[in-house]
file start.cif (mmCIF, C-alpha atoms)
data_final
#
loop_
_atom_site.label_atom_id
_atom_site.label_comp_id
_atom_site.auth_asym_id
_atom_site.auth_seq_id
_atom_site.Cartn_x
_atom_site.Cartn_y
_atom_site.Cartn_z
CA MET A 5 42.73 -57.16 1.97
CA THR A 6 42.01 -60.61 3.35
CA ARG A 7 45.66 -61.64 3.65
CA SER A 8 47.28 -60.65 6.93
CA SER A 9 50.98 -60.35 7.73
CA GLY A 10 51.99 -61.24 11.29
CA PRO A 11 49.82 -61.50 14.41
CA HIS A 12 46.71 -59.35 14.96
CA LEU A 13 47.05 -55.92 16.59
CA SER A 14 47.11 -55.75 20.39
CA PRO A 15 44.79 -53.47 22.45
CA ASP A 16 47.72 -51.04 22.83
CA GLN A 17 48.12 -50.91 19.07
CA PHE A 18 44.41 -50.32 18.46
CA GLU A 19 44.63 -47.40 20.90
CA ALA A 20 47.67 -46.10 19.01
CA TRP A 21 45.70 -46.31 15.75
CA LEU A 22 42.80 -44.35 17.27
CA ILE A 23 45.09 -41.46 18.15
CA GLY A 24 46.95 -41.69 14.84
CA GLU A 25 50.18 -43.04 16.30
CA LEU A 26 50.27 -46.54 14.85
CA ALA A 27 53.70 -47.53 13.51
CA PRO A 28 53.88 -47.66 9.67
CA GLU A 29 54.61 -51.42 9.53
CA LEU A 30 51.51 -52.10 11.68
CA GLN A 31 49.49 -49.74 9.51
CA GLN A 32 50.46 -51.97 6.62
CA HIS A 33 49.16 -55.01 8.56
CA LEU A 34 45.91 -53.21 9.28
CA GLU A 35 45.34 -52.54 5.60
CA GLU A 36 45.83 -56.23 4.79
CA CYS A 37 44.02 -57.86 7.72
CA GLN A 38 40.21 -57.85 7.46
CA ALA A 39 39.69 -58.82 11.14
CA CYS A 40 41.92 -56.04 12.50
CA LEU A 41 40.42 -53.47 10.15
CA GLU A 42 36.89 -54.33 11.26
CA GLN A 43 37.91 -54.15 14.90
CA ALA A 44 39.61 -50.79 14.36
CA ARG A 45 36.59 -49.33 12.55
CA ALA A 46 34.24 -50.58 15.24
CA ASP A 47 36.48 -49.04 17.92
CA ARG A 48 36.39 -45.69 16.17
CA GLU A 49 32.62 -45.82 15.70
CA ILE A 50 32.01 -46.54 19.39
CA ALA A 51 34.52 -43.88 20.47
CA ASP A 52 32.79 -41.30 18.25
CA GLN A 53 29.35 -42.23 19.61
CA ILE A 54 30.49 -41.95 23.22
CA ALA A 55 32.09 -38.59 22.52
CA LEU A 56 28.67 -37.34 21.35
CA LEU A 57 27.00 -38.03 24.69
CA PRO A 58 25.34 -34.88 26.04
CA LEU A 59 27.10 -32.47 28.38
CA MET A 60 25.87 -32.49 31.95
CA SER A 61 25.77 -29.88 34.69
CA PRO A 62 24.89 -30.03 38.35
CA GLY A 63 21.82 -28.15 39.56
CA GLU A 64 21.54 -24.41 40.16
CA GLY A 65 23.54 -23.09 43.11
CA PHE A 66 25.98 -26.00 43.15
CA ALA A 67 29.01 -23.71 43.55
CA ASP A 68 27.30 -21.88 46.43
CA ARG A 69 26.61 -25.14 48.22
CA VAL A 70 30.24 -26.18 47.79
CA MET A 71 31.53 -22.84 49.01
CA ALA A 72 29.24 -22.96 52.05
CA ALA A 73 30.86 -26.25 53.06
CA VAL A 74 34.46 -25.22 52.35
CA ALA A 75 36.60 -23.57 55.00
CA VAL A 76 38.21 -20.76 53.03
CA PRO A 77 41.43 -19.89 54.87
CA ASP A 78 41.74 -16.25 55.83
CA PRO A 79 45.43 -15.61 56.58
CA PHE A 80 45.86 -14.18 60.09
CA ALA A 81 48.35 -11.52 59.03
CA ILE A 82 45.95 -10.01 56.48
CA ARG A 83 43.06 -10.17 58.93
CA SER A 84 44.96 -8.46 61.77
CA LEU A 85 46.38 -5.81 59.44
CA GLN A 86 42.92 -5.01 58.14
CA ALA A 87 41.54 -4.76 61.68
CA THR A 88 44.37 -2.45 62.80
CA ARG A 89 43.90 -0.26 59.73
CA ARG A 90 40.16 -0.02 60.38
CA ARG A 91 40.79 0.98 64.03
CA LEU A 92 43.43 3.60 63.14
CA PHE A 93 41.28 5.31 60.51
CA ALA A 94 38.04 5.09 62.49
CA THR A 95 38.00 8.66 64.00
CA PRO A 96 40.02 11.91 63.53
CA LYS A 97 41.39 11.38 67.05
CA SER A 98 42.74 7.89 66.29
CA LEU A 99 44.11 9.17 62.98
CA ALA A 100 45.98 11.99 64.80
CA PHE A 101 47.32 9.43 67.31
CA ALA A 102 48.58 7.19 64.48
CA ALA A 103 50.23 10.16 62.74
CA SER A 104 51.95 11.23 66.00
CA LEU A 105 53.19 7.71 66.60
CA ALA A 106 54.59 7.49 63.06
CA LEU A 107 56.23 10.92 63.45
CA LEU A 108 57.78 9.91 66.76
CA LEU A 109 59.18 6.68 65.30
CA LEU A 110 60.58 8.37 62.21
CA GLY A 111 62.01 11.28 64.26
CA SER A 112 63.80 9.01 66.72
CA MET A 113 65.23 6.93 63.87
CA ALA A 114 66.49 10.04 62.06
CA GLY A 115 67.95 11.44 65.33
CA SER A 116 69.75 8.17 66.02
CA ILE A 117 71.31 8.10 62.54
CA ALA A 118 72.41 11.75 62.78
CA TRP A 119 73.99 11.26 66.23
CA THR A 120 75.87 8.16 65.08
CA LEU A 121 77.29 9.99 62.05
CA THR A 122 78.54 12.94 64.13
CA HIS A 123 80.00 10.80 66.98
CA GLN A 124 81.90 8.09 65.11
CA GLU A 125 84.92 8.16 67.48
CA THR A 126 82.70 7.66 70.53
CA MET A 127 80.93 4.75 68.80
CA ALA A 128 84.32 3.17 67.93
CA SER A 129 85.56 3.41 71.53
CA ILE A 130 82.31 1.93 72.88
CA GLY A 131 82.67 -0.95 70.39
CA THR A 132 86.27 -1.66 71.46
CA TRP A 133 85.31 -1.60 75.16
CA LEU A 134 82.37 -3.97 74.58
CA LEU A 135 84.60 -6.41 72.65
CA SER A 136 87.28 -6.51 75.37
CA GLN A 137 84.67 -6.95 78.13
CA GLY A 138 82.97 -9.71 76.17
CA GLY A 139 86.30 -11.52 75.58
CA GLN A 140 87.19 -11.38 79.28
CA ALA A 141 83.77 -12.68 80.33
CA ALA A 142 84.01 -15.57 77.85
CA TRP A 143 87.51 -16.53 79.04
CA LEU A 144 86.34 -16.50 82.68
CA GLY A 145 83.42 -18.71 81.75
CA VAL A 146 85.65 -21.28 79.99
CA ARG A 147 88.06 -21.39 82.94
CA GLY A 148 85.22 -21.85 85.40
CA ILE A 149 83.72 -24.75 83.43
CA ALA A 150 87.15 -26.42 82.99
CA SER A 151 88.03 -26.24 86.70
CA ASN A 152 84.59 -27.57 87.62
CA PHE A 153 85.06 -30.47 85.18
CA ILE A 154 88.52 -31.35 86.61
CA GLU A 155 87.13 -31.52 90.13
CA GLN A 156 84.55 -34.19 89.23
CA PRO A 157 85.19 -37.74 90.67
CA TRP A 158 84.88 -39.40 87.22
CA TYR A 159 87.37 -37.05 85.53
CA ASP A 160 90.41 -39.36 86.13
CA GLY A 161 88.57 -42.33 84.61
CA ILE A 162 87.68 -40.41 81.49
CA ARG A 163 91.19 -39.05 81.20
CA SER A 164 92.73 -42.52 81.44
CA LEU A 165 90.49 -43.61 78.52
CA VAL A 166 92.07 -41.05 76.16
CA GLU A 167 95.58 -41.06 77.64
CA THR A 168 97.32 -42.43 74.53
CA PRO A 169 96.83 -41.11 70.97
CA ALA A 170 95.60 -44.57 69.84
CA ARG A 171 92.84 -44.61 72.45
CA LEU A 172 91.90 -41.03 71.64
CA ALA A 173 91.64 -41.96 67.94
CA LEU A 174 89.50 -45.04 68.76
CA ILE A 175 87.09 -43.06 70.97
CA SER A 176 86.84 -40.31 68.31
CA ALA A 177 86.10 -42.89 65.61
CA LEU A 178 83.39 -44.55 67.72
CA ALA A 179 81.79 -41.18 68.52
CA SER A 180 81.82 -40.24 64.80
CA LEU A 181 80.22 -43.56 63.84
CA ALA A 182 77.50 -43.14 66.47
CA TYR A 183 76.83 -39.61 65.18
CA LEU A 184 76.59 -40.72 61.53
CA GLY A 185 74.32 -43.63 62.50
CA GLY A 186 72.05 -41.23 64.34
CA VAL A 187 71.85 -38.86 61.37
CA PHE A 188 71.08 -41.76 58.99
CA ALA A 189 68.32 -43.13 61.26
CA LEU A 190 66.80 -39.66 61.60
CA ARG A 191 66.74 -39.17 57.82
CA ARG A 192 65.01 -42.52 57.32
CA LEU A 193 62.44 -41.62 59.95
CA LEU A 194 61.73 -38.19 58.46
CA ALA A 195 61.71 -39.29 54.77
CA VAL A 196 58.60 -38.14 52.85
CA PRO A 197 56.81 -40.87 50.82
CA THR A 198 57.29 -40.25 47.09
CA GLN A 199 54.58 -42.42 45.50
CA GLN A 200 52.94 -40.58 42.56
CA VAL A 201 49.75 -38.70 43.39
CA ALA A 202 49.63 -40.51 46.73
CA HIS A 203 48.52 -37.18 48.17
CA ALA A 204 45.21 -37.50 46.34
CA GLY A 205 44.10 -40.40 48.44
CA ILE A 206 42.14 -38.20 50.79
CA MET B 11 46.06 -22.64 41.69
CA LEU B 12 48.48 -20.40 43.56
CA TRP B 13 45.64 -18.04 44.37
CA ALA B 14 43.55 -20.97 45.57
CA ARG B 15 46.38 -22.13 47.81
CA SER B 16 46.63 -18.67 49.32
CA GLY B 17 43.00 -19.03 50.25
CA GLN B 18 41.16 -16.64 48.00
CA GLU B 19 37.48 -17.38 47.75
CA ALA B 20 37.28 -16.11 44.16
CA ALA B 21 39.96 -18.60 43.13
CA TYR B 22 38.07 -21.44 44.83
CA ARG B 23 34.92 -20.48 42.95
CA GLU B 24 36.83 -20.42 39.68
CA LEU B 25 38.08 -23.96 40.30
CA VAL B 26 34.53 -25.13 41.05
CA ARG B 27 33.22 -23.38 37.93
CA ARG B 28 35.91 -24.93 35.76
CA TYR B 29 35.53 -28.51 36.97
CA GLU B 30 31.90 -28.84 38.12
CA ARG B 31 30.63 -30.10 34.74
CA PRO B 32 33.22 -32.80 34.03
CA ILE B 33 33.28 -33.99 37.65
CA PHE B 34 29.50 -34.10 37.86
CA ALA B 35 29.20 -35.86 34.46
CA LEU B 36 31.73 -38.51 35.46
CA LEU B 37 30.01 -39.13 38.78
CA PHE B 38 26.53 -39.16 37.22
CA ARG B 39 27.54 -41.77 34.68
CA MET B 40 29.31 -43.78 37.36
CA VAL B 41 26.49 -43.87 39.92
CA ARG B 42 23.52 -43.21 37.58
CA ASP B 43 21.62 -41.03 40.02
CA ARG B 44 21.46 -37.25 39.65
CA GLU B 45 20.94 -36.44 43.31
CA LEU B 46 23.62 -38.83 44.47
CA ALA B 47 26.04 -37.63 41.79
CA GLU B 48 25.56 -34.06 43.01
CA ASP B 49 26.22 -35.10 46.59
CA LEU B 50 29.37 -36.94 45.55
CA ALA B 51 30.49 -34.00 43.40
CA GLN B 52 30.00 -31.67 46.35
CA GLU B 53 31.93 -34.07 48.59
CA THR B 54 34.73 -34.17 45.99
CA PHE B 55 35.10 -30.40 45.80
CA VAL B 56 34.88 -29.92 49.56
CA LYS B 57 37.57 -32.57 50.12
CA ALA B 58 39.81 -31.11 47.42
CA LEU B 59 39.46 -27.49 48.49
CA ASN B 60 39.81 -28.21 52.20
CA ALA B 61 42.99 -30.14 51.47
CA ILE B 62 44.35 -27.67 48.91
CA ASP B 63 47.56 -27.31 50.94
CA SER B 64 48.37 -30.97 50.32
CA TYR B 65 48.03 -30.54 46.53
CA ARG B 66 51.42 -30.86 44.85
CA PRO B 67 51.75 -28.52 41.84
CA GLU B 68 54.00 -30.95 39.95
CA PHE B 69 50.84 -32.99 39.22
CA LYS B 70 47.91 -31.74 37.14
CA PHE B 71 45.06 -30.39 39.22
CA SER B 72 42.59 -32.17 36.94
CA SER B 73 44.25 -35.54 37.72
CA TRP B 74 44.02 -34.81 41.41
CA ILE B 75 40.36 -33.84 41.44
CA PHE B 76 39.31 -36.63 39.04
CA LYS B 77 41.10 -39.08 41.29
CA ILE B 78 39.20 -37.84 44.34
CA ALA B 79 35.91 -38.01 42.38
CA ASN B 80 36.61 -41.50 41.05
CA ASN B 81 37.52 -42.74 44.53
CA ALA B 82 34.25 -41.32 45.83
CA ALA B 83 32.27 -43.09 43.09
CA ILE B 84 34.08 -46.41 43.53
CA ASP B 85 33.63 -46.24 47.31
CA HIS B 86 29.93 -45.64 46.81
CA LEU B 87 29.57 -48.45 44.26
CA ARG B 88 31.32 -50.82 46.62
CA ARG B 89 28.97 -49.87 49.41
CA ARG B 90 25.83 -50.16 47.30
CA GLU B 91 25.95 -52.46 44.35
CA LEU B 92 23.87 -50.90 41.60
CA ASP B 93 23.86 -53.26 38.68
CA THR B 94 21.15 -51.93 36.43
CA LEU B 95 20.52 -48.56 34.94
CA SER B 96 17.11 -47.13 35.61
CA LEU B 97 16.28 -44.82 32.75
CA ASP B 98 13.12 -43.83 34.60
CA GLY B 99 15.01 -42.48 37.58
CA SER B 100 16.99 -43.50 40.61
CA PRO B 101 16.44 -47.05 41.81
CA HIS B 102 16.20 -45.52 45.29
CA ALA B 103 13.46 -43.04 44.37
CA GLU B 104 10.27 -43.92 46.21
CA THR B 105 7.73 -41.57 44.61
CA PRO B 106 6.92 -40.76 40.95
CA GLU B 107 8.14 -37.18 41.54
CA ALA B 108 11.45 -38.46 42.87
CA MET B 109 11.79 -40.80 39.90
CA GLN B 110 11.14 -37.89 37.52
CA ALA B 111 13.63 -35.69 39.35
CA THR B 112 16.36 -38.31 39.18
CA ALA B 113 15.62 -39.54 35.66
CA LEU B 114 18.41 -39.63 33.13
CA GLN B 115 18.20 -36.43 31.08
CA ILE B 116 19.45 -37.00 27.57
CA GLY B 117 19.94 -33.89 25.49
CA ALA B 118 20.52 -33.97 21.75
CA ARG B 119 22.83 -31.89 19.60
CA GLN B 120 20.97 -32.45 16.30
CA GLU B 121 18.26 -30.19 14.99
CA SER B 122 15.63 -32.24 13.14
CA PRO B 123 12.97 -34.01 15.20
CA LEU B 124 13.80 -37.38 13.60
CA ASP B 125 17.49 -36.93 14.33
CA THR B 126 16.62 -35.89 17.85
CA VAL B 127 14.63 -39.05 18.42
CA GLU B 128 17.37 -41.23 16.94
CA ALA B 129 20.10 -39.46 18.87
CA LYS B 130 18.08 -39.75 22.05
CA GLU B 131 17.60 -43.45 21.48
CA LEU B 132 21.26 -43.99 20.70
CA GLY B 133 22.38 -41.78 23.58
CA THR B 134 20.06 -43.60 25.96
CA ALA B 135 21.28 -46.96 24.71
CA ILE B 136 24.93 -45.94 25.10
CA GLU B 137 24.29 -44.56 28.59
CA ALA B 138 22.55 -47.82 29.47
CA ALA B 139 25.37 -49.90 28.03
CA ILE B 140 28.01 -47.89 29.89
CA GLY B 141 25.98 -48.47 33.04
CA THR B 142 26.40 -52.23 32.68
CA LEU B 143 30.19 -52.10 32.44
CA ARG B 144 32.43 -52.99 35.37
CA PRO B 145 33.21 -49.82 37.37
CA GLU B 146 36.90 -49.92 36.35
CA TYR B 147 35.98 -50.14 32.65
CA ARG B 148 33.38 -47.41 33.15
CA SER B 149 35.93 -45.00 34.68
CA CYS B 150 38.43 -45.70 31.92
CA ILE B 151 36.04 -45.30 29.01
CA LEU B 152 34.40 -42.16 30.44
CA LEU B 153 37.71 -40.48 31.20
CA ARG B 154 39.05 -41.37 27.75
CA HIS B 155 36.14 -40.80 25.39
CA VAL B 156 33.90 -38.37 27.27
CA GLU B 157 36.50 -36.28 29.10
CA GLY B 158 39.24 -36.75 26.50
CA ARG B 159 41.95 -37.46 29.09
CA ALA B 160 45.30 -38.86 27.93
CA TYR B 161 46.07 -42.51 28.68
CA GLU B 162 48.89 -41.47 31.01
CA GLU B 163 46.60 -39.17 32.99
CA ILE B 164 43.97 -41.90 33.30
CA ALA B 165 46.64 -44.27 34.60
CA GLU B 166 47.60 -41.65 37.18
CA ILE B 167 43.98 -40.97 38.17
CA LEU B 168 43.06 -44.63 38.54
CA ASN B 169 46.43 -45.73 39.88
CA LEU B 170 46.72 -48.39 37.17
CA PRO B 171 49.57 -49.35 34.84
CA LEU B 172 49.37 -47.69 31.42
CA GLY B 173 48.96 -51.03 29.60
CA THR B 174 46.07 -52.00 31.87
CA VAL B 175 44.29 -48.74 31.12
CA LYS B 176 44.56 -49.35 27.36
CA THR B 177 43.38 -52.94 27.74
CA TYR B 178 40.40 -51.86 29.89
CA ILE B 179 39.39 -49.21 27.34
CA HIS B 180 39.67 -51.70 24.49
CA ARG B 181 37.61 -54.33 26.34
CA ALA B 182 35.04 -51.75 27.39
CA ARG B 183 34.53 -50.71 23.77
CA ASN B 184 34.13 -54.36 22.75
CA GLU B 185 31.52 -54.89 25.45
CA LEU B 186 29.70 -51.71 24.41
CA ARG B 187 29.72 -52.83 20.79
CA LEU B 188 28.12 -56.13 21.76
CA SER B 189 25.54 -54.35 23.94
CA LEU B 190 24.63 -51.97 21.12
CA ALA B 191 24.62 -54.55 18.33
CA HIS B 192 20.82 -54.82 18.41
CA LEU B 193 20.53 -51.17 17.28
CA LYS B 194 22.22 -51.98 14.00
CA GLU B 195 19.88 -54.83 13.16
#

call {"tool": "encode", "arguments": {"input": "start.cif", "output": "structure tokens"}}
result
Amino acid sequence: MTRSSGPHLSPDQFEAWLIGELAPELQQHLEECQACLEQARADREIADQIALLPLMSPGEGFADRVMAAVAVPDPFAIRSLQATRRRLFATPKSLAFAASLALLLLGSMAGSIAWTLTHQETMASIGTWLLSQGGQAAWLGVRGIASNFIEQPWYDGIRSLVETPARLALISALASLAYLGGVFALRRLLAVPTQQVAHAGI
Amino acid sequence: MLWARSGQEAAYRELVRRYERPIFALLFRMVRDRELAEDLAQETFVKALNAIDSYRPEFKFSSWIFKIANNAAIDHLRRRELDTLSLDGSPHAETPEAMQATALQIGARQESPLDTVEAKELGTAIEAAIGTLRPEYRSCILLRHVEGRAYEEIAEILNLPLGTVKTYIHRARNELRLSLAHLKE
């Protein structure tokens, strides 16, 4: 009992012994070392005494006082839905109005579906016409922008910059680099701190 | 927690009901004044519940709320240095009624009157000894041996390395043993 093998246990190891996780070789040391054994027993005794301290509760009405000071969020969607429902079911007249409105909406939807199913050729021709009109309008727009661009006084200067394939490649590379740099800087700026439980520091 | 985040009052009340005792007990033993501990506990819950949207579910809610409570206690102790435990009531109580109202209430779990007296004496002595510890040791030992929190959770709550937490707990027990040695004589 009085002989000890190796150095005394560290605070970490005494904690491990208290929760029954001390390594077997250290357990062996504990059984042989009087000083460590006394320390371990004293640790357990104190831990047991502290664990027996009485339970404590705040005074009556503590939860009410907390709740009175807390702003309980009331989601807007739920609130407005509840208010609308209350208004619609308030009188027989408002109920009849709500029913008529619902009937009108459902009727028009059903009518629209039925018409579409019975006039598929008409719908197809309208679709084709809309597509061709849209294409023409887009082409006109592109041509207008291009001619406007060509008429600008700085157009020749810009054009001379990208006249050869090598220059075009260089300008493209520089533009790509600037874009990537911008994206990288933005990500660094918008990065969320990741320190553990840092959010609790309120 | 999901209910609480969606803002349901019943869920908020449930959180208060579940944590009011441990949070209050920790704060009471940290600041050693019933009235003040209740104020700090209320402040803790109000802060936590008003900031529930910033709570991150990957962490334990208990760690989060204990951290807020411990910060509140440490902030208070830094502002007002209370070094001695008044078993007769708050050191700030000015009237006998106030002293009575803020006095340390020690309950006993034993049944016989002799045991009750002994347990009361021991409990009072332990409470007093805990009151003399450094605030960091006090938080560690209370969270470990009164609240039964894991070492890792204590490290998270107190923002300390795991090894430091274990060392603090070990030293705190040694200091308590020395403070209580006279009871054994």

call {"tool": "interface_residues", "arguments": {"input": "start.cif", "of": "chain B", "to": "chain A", "cutoff": "7 Å", "atoms": "only C-alpha atoms", "output": "ChimeraX atom specification"}}
result
/B:17,19,23,26,31,34-35,48,52,55-56,59-60,64-65,74,77-78,116-118,133,155-156,173,176-177,180,183,187

call {"tool": "axis_aligned_box", "arguments": {"input": "start.cif", "around": "stretch 15-22 of chain A", "padding_each_side": "4 Å", "output": "JSON"}}
result
{"center_x": 45.5, "center_y": -48.9, "center_z": 19.3, "size_x": 13.3, "size_y": 17.1, "size_z": 15.1}

call {"tool": "atom_distance", "arguments": {"input": "start.cif", "atom1": "atom CA of B:Leu193", "atom2": "atom CA of B:Glu131"}}
result
9.3 Å

call {"tool": "atom_distance", "arguments": {"input": "start.cif", "atom1": "atom CA of B:Leu36", "atom2": "atom CA of B:Leu153"}}
result
7.6 Å

call {"tool": "resolve_selection", "arguments": {"input": "start.cif", "expression": "the PyMOL selection byres ((chain B and resi 39) around 12)", "output": "compact mmCIF listing (two decimals) with C-alpha atoms, in the coordinates of the input"}}
result
# COMPACT_ATOMS: atom_id res chain seq x y z
CA ILE A 54 30.49 -41.95 23.22
CA LEU A 57 27.00 -38.03 24.69
CA PRO A 58 25.34 -34.88 26.04
CA LEU A 59 27.10 -32.47 28.38
CA MET A 60 25.87 -32.49 31.95
CA PRO B 32 33.22 -32.80 34.03
CA ILE B 33 33.28 -33.99 37.65
CA PHE B 34 29.50 -34.10 37.86
CA ALA B 35 29.20 -35.86 34.46
CA LEU B 36 31.73 -38.51 35.46
CA LEU B 37 30.01 -39.13 38.78
CA PHE B 38 26.53 -39.16 37.22
CA MET B 40 29.31 -43.78 37.36
CA VAL B 41 26.49 -43.87 39.92
CA ARG B 42 23.52 -43.21 37.58
CA ASP B 43 21.62 -41.03 40.02
CA ARG B 44 21.46 -37.25 39.65
CA LEU B 46 23.62 -38.83 44.47
CA ALA B 47 26.04 -37.63 41.79
CA GLU B 48 25.56 -34.06 43.01
CA ALA B 79 35.91 -38.01 42.38
CA ASN B 80 36.61 -41.50 41.05
CA ALA B 83 32.27 -43.09 43.09
CA ILE B 84 34.08 -46.41 43.53
CA LEU B 87 29.57 -48.45 44.26
CA LEU B 95 20.52 -48.56 34.94
CA SER B 96 17.11 -47.13 35.61
CA LEU B 97 16.28 -44.82 32.75
CA LEU B 114 18.41 -39.63 33.13
CA GLN B 115 18.20 -36.43 31.08
CA ILE B 116 19.45 -37.00 27.57
CA THR B 134 20.06 -43.60 25.96
CA ILE B 136 24.93 -45.94 25.10
CA GLU B 137 24.29 -44.56 28.59
CA ALA B 138 22.55 -47.82 29.47
CA ALA B 139 25.37 -49.90 28.03
CA ILE B 140 28.01 -47.89 29.89
CA GLY B 141 25.98 -48.47 33.04
CA THR B 142 26.40 -52.23 32.68
CA LEU B 143 30.19 -52.10 32.44
CA PRO B 145 33.21 -49.82 37.37
CA ARG B 148 33.38 -47.41 33.15
CA SER B 149 35.93 -45.00 34.68
CA CYS B 150 38.43 -45.70 31.92
CA ILE B 151 36.04 -45.30 29.01
CA LEU B 152 34.40 -42.16 30.44
CA LEU B 153 37.71 -40.48 31.20
CA VAL B 156 33.90 -38.37 27.27
CA GLU B 157 36.50 -36.28 29.10

call {"tool": "decode", "arguments": {"input": "start.cif", "residues": "stretch 123-136 of chain A", "atoms": "C-alpha atoms", "output": "PDB file, in the first residue's frame"}}
result
ATOM      1  CA  HIS A 123     -60.120  24.548 -77.564  1.00  0.00           C
ATOM      2  CA  GLN A 124     -56.653  22.995 -77.714  1.00  0.00           C
ATOM      3  CA  GLU A 125     -56.041  24.000 -81.370  1.00  0.00           C
ATOM      4  CA  THR A 126     -56.849  27.641 -80.646  1.00  0.00           C
ATOM      5  CA  MET A 127     -54.506  27.588 -77.621  1.00  0.00           C
ATOM      6  CA  ALA A 128     -51.714  26.062 -79.778  1.00  0.00           C
ATOM      7  CA  SER A 129     -52.081  28.737 -82.469  1.00  0.00           C
ATOM      8  CA  ILE A 130     -52.069  31.532 -79.865  1.00  0.00           C
ATOM      9  CA  GLY A 131     -48.890  30.030 -78.382  1.00  0.00           C
ATOM     10  CA  THR A 132     -47.145  29.899 -81.772  1.00  0.00           C
ATOM     11  CA  TRP A 133     -48.130  33.507 -82.563  1.00  0.00           C
ATOM     12  CA  LEU A 134     -46.882  34.733 -79.170  1.00  0.00           C
ATOM     13  CA  LEU A 135     -43.539  32.931 -79.648  1.00  0.00           C
ATOM     14  CA  SER A 136     -42.942  34.414 -83.113  1.00  0.00           C
TER      15      SER A 136
END
